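The structure appears right after this line, and notes come after that.
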Amino acid sequence: MKKFDKERLLLAVAGPVIALAVAFVLSAIVLIASGKNPVEPFALMFEQIGFSDIQVLVINQASMYYIAALAVAIGFRMNLFNIGVDGQYQLGAMMAAIVGAHMNLPAALQIPLLLLTAVLTGAFWSGIAGVLKVTRGVSEVVATIMLNAIATSVIAYLWLPDVFGVKVGNNNTTGEMHESGWIPGIPMGDAGEIYGLVLLAVLLGIGYWVVLNRTRFGFDLRASGASQTAAAASGVDPKRMVLSAMLISGGIAGLAGLPILLGDTHTYSLNFPTGIGFLGIGIALLGRNSPVGIAFAALLWAWLDKASPELDFHGYDKEIAVIMQGLIVLSVVVSYEAVREWGLRRQQRRVGAELAAGHVLGAQNTKEVAGR
């Protein structure tokens with residue numbers, strides 16, 4: 001492997017490793033400050049990895065985190081901050097649940113219809129922010145935050161019994177979906193089932209890599225994210241790329257809730273997971289927008305979620321896992337900046353050394369010519 005490639009690999013790995021190390025150390029300090037053992041909680045959570053039922057729960061949860069993080073990462077590659085993934089995925093899941101409860105087509109048609117419904121809903125919701133960005137210059141951060149709040153109100157409206165809501169006790173639901181829209185899981189014996197749409201998450205990761213690294217559209221997207229002025233000079237329409245990135249990001253976000261919707265709950269209710277879109281931001285940052293890196297980050301986040309309840313049985317607060325997640329995000333920002341500065345300094349020293357070597361060689365050649 002070339003020296004340059006080794007340095008790039010080192011820089012890519014150093015950021016996440018430093019971030020995780022710092023997060024663990026800071027979490028231990030928090031435990032010490034509260035008078036608790038700083039090591040035992042981590043040991044207890046690591047023990048949970050060996051249990052097959054926890055492994056299934058982690059994989060299922062990670063599939064949703066992964067899809068949400070991919071949606072965020074697409075915006076990042078375009079230098080856009082799509083904070084609206086949470087609202088986009090919730091609306092996408094709810095609309096898919098409503099369609100699944102009111103339409104009963106054969107499975108070969110019903111499942112693609114539900115997937116398409118989620119994609120179009122998420123894309124429509126993110127597209128609003130995209131249109132405002134390219135036509136009025138409205139920051140996508142502000143627009144998507146406001147759209148999250150509006151999405152919450154839209155969901156509350158759709159839950160009304162006179163609209164699409166079905167009351168089950170004190171719970172608001174969209175009614176149970178027809179079985180033709182259910183996706184069977186992968187049986188793992190007593191450990192439970194892995195959601196069938198985990199495979200969708202894998203396919204999305206592969207598609208994300210192929211599109212960004214092997215297509216003209218992906219090149220234009222990355223080029224526009226690096227410098228819209230330079231991209232425009234080469235014939236790329238920056239406004240079109242901004243809108244395209246927001247639509248694709250929202251479309252993928254709309255799929256984030258479907259693994260659990262089609263594989264387990266079969267209805268959208270008050271118990272449906274929330275906050276996945278915001279967690280996707282931290283996961284995308286930790287994974288450095290790489291499909292493989294995001295996969296490891298999603299598994300880490302899911303492990304912290306599913307292993308932390310064990311802490312309650314040993315006198316520790318399970319919120320230590322939430323503290324760790326927050327510290328990881330903070331550490332990621334700091335460590336990546338530190339690694340970037342370190343990389344720049346190394347590059348400057350290497351260039352300086354090469355220039356100095358070239359100067360010495362030039363002087364030697366001059367002396368040889370003069371001596372002839």
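Ordering of the structure tokens sets the chain letters (A, B, ...); residue numbers start at 1 within each chain; ligands are numbered from 1 in the order shown.
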Please, which residues in range 122-222 of chain A fall within 6 Å of range 253-260 of chain A when counting only C-alpha atoms, and what is the closest atom pair and distance in Å to one decimal for each, ordered by chain then residue number, as a Markdown table?
```
| residue | atom | partner | partner_atom | distance |
| --- | --- | --- | --- | --- |
| A:Gly122 | CA | A:Gly254 | CA | 4.3 |
| A:Tyr195 | CA | A:Pro259 | CA | 6.0 |
| A:Leu197 | CA | A:Pro259 | CA | 5.0 |
```
field: Surrounding residues of Ala245 in chain A excluding itself and chain neighbours under 4 positions, 9 Å, only C-alpha atoms, as a ChimeraX atom specification
entry: /A:74-75,77-78,80,130,221,240-241,249-250
query: How many Å lie between CA of Asp86 in chain A and CA of Gly275 in chain A, rounded to one decimal?
result: 6.1 Å
query: Using only C-alpha atoms, which residues sit within 12 Å of range 176-184 of chain A once same-chain residues fewer than 6 positions away are excluded, as an MDAnalysis selection string?
result: chainID A and resid 93:115 164:168 192:200 258:269
query: What does the distance between CA of Thr135 in chain A and CA of Gln228 in chain A come to in Å, to one decimal place?
result: 15.9 Å
- request: Work out how far CA of Val334 in chain A is from CA of Gln61 in chain A, in Å to one decimal.
  value: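 Result for CA of Gln61 in chain A versus CA of Val334 in chain A: 27.1 Å, one decimal.
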Dump as CSV the rows for residues of range 252-359 of chain A within 9 Å of range 28-37 of chain A: closest atom pair and distance in Å with one decimal, only C-alpha atoms counted, ordered by chain and rising residue number.
```
residue,atom,partner,partner_atom,distance
A:Tyr316,CA,A:Lys36,CA,7.9
A:Ile320,CA,A:Leu31,CA,8.3
A:Ile323,CA,A:Val30,CA,8.9
```
- request: Using DSSP on the backbone coordinates, identify the residues of range 138-368 of chain A assigned to alpha helix (DSSP H); present them as a PyMOL selection string.
  value: chain A and resi 140-158+198-214+216-226+228-233+238-253+258-260+276-286+291-307+320-368
message: Excluding Ala321 in chain A and its own-chain neighbours fewer than 2 positions away, which residues fall within 10 Å of it when counting only C-alpha atoms? Please give them as a PyMOL selection string.
response: chain A and resi 27+41-42+45+301+303-309+311+317-319+323-327
Strand (DSSP E or B) per DSSP on the backbone: members of range 90-209 of chain A, as a compact mmCIF listing (two decimals) with C-alpha atoms, in the first residue's frame:
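Listed below is the output, states-v2.txt:
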```txt
# COMPACT_ATOMS: atom_id res chain seq x y z
CA VAL A 166 -58.46 4.27 15.24
CA LYS A 167 -58.62 4.38 19.04
CA VAL A 168 -57.31 1.27 20.82
CA ASN A 171 -53.62 4.65 22.24
CA ASN A 172 -53.96 6.48 18.93
CA THR A 173 -53.35 4.18 15.96
CA ILE A 186 -35.67 -14.03 9.38
CA PRO A 187 -36.32 -16.56 12.19
CA GLU A 193 -36.80 -12.60 14.25
CA ILE A 194 -34.61 -10.21 12.33
```
- request: Choose the residue, out of A:Ile18, A:Ala156, A:Ala62, A:Leu57, that has the smallest atom-to-atom separation from Leu300 in chain A; count only C-alpha atoms.
  value: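 Closest to Leu300 in chain A, using only C-alpha atoms: A:Ala62.
Those residues that approach Ser234 in chain A to within 12 Å, counting only C-alpha atoms, are Phe219, Asp220, Ala223, Ser224, Ser227, Gln228, Thr229, Ala230 and Pro238 of chain A; same-chain residues fewer than 4 positions away are not listed.
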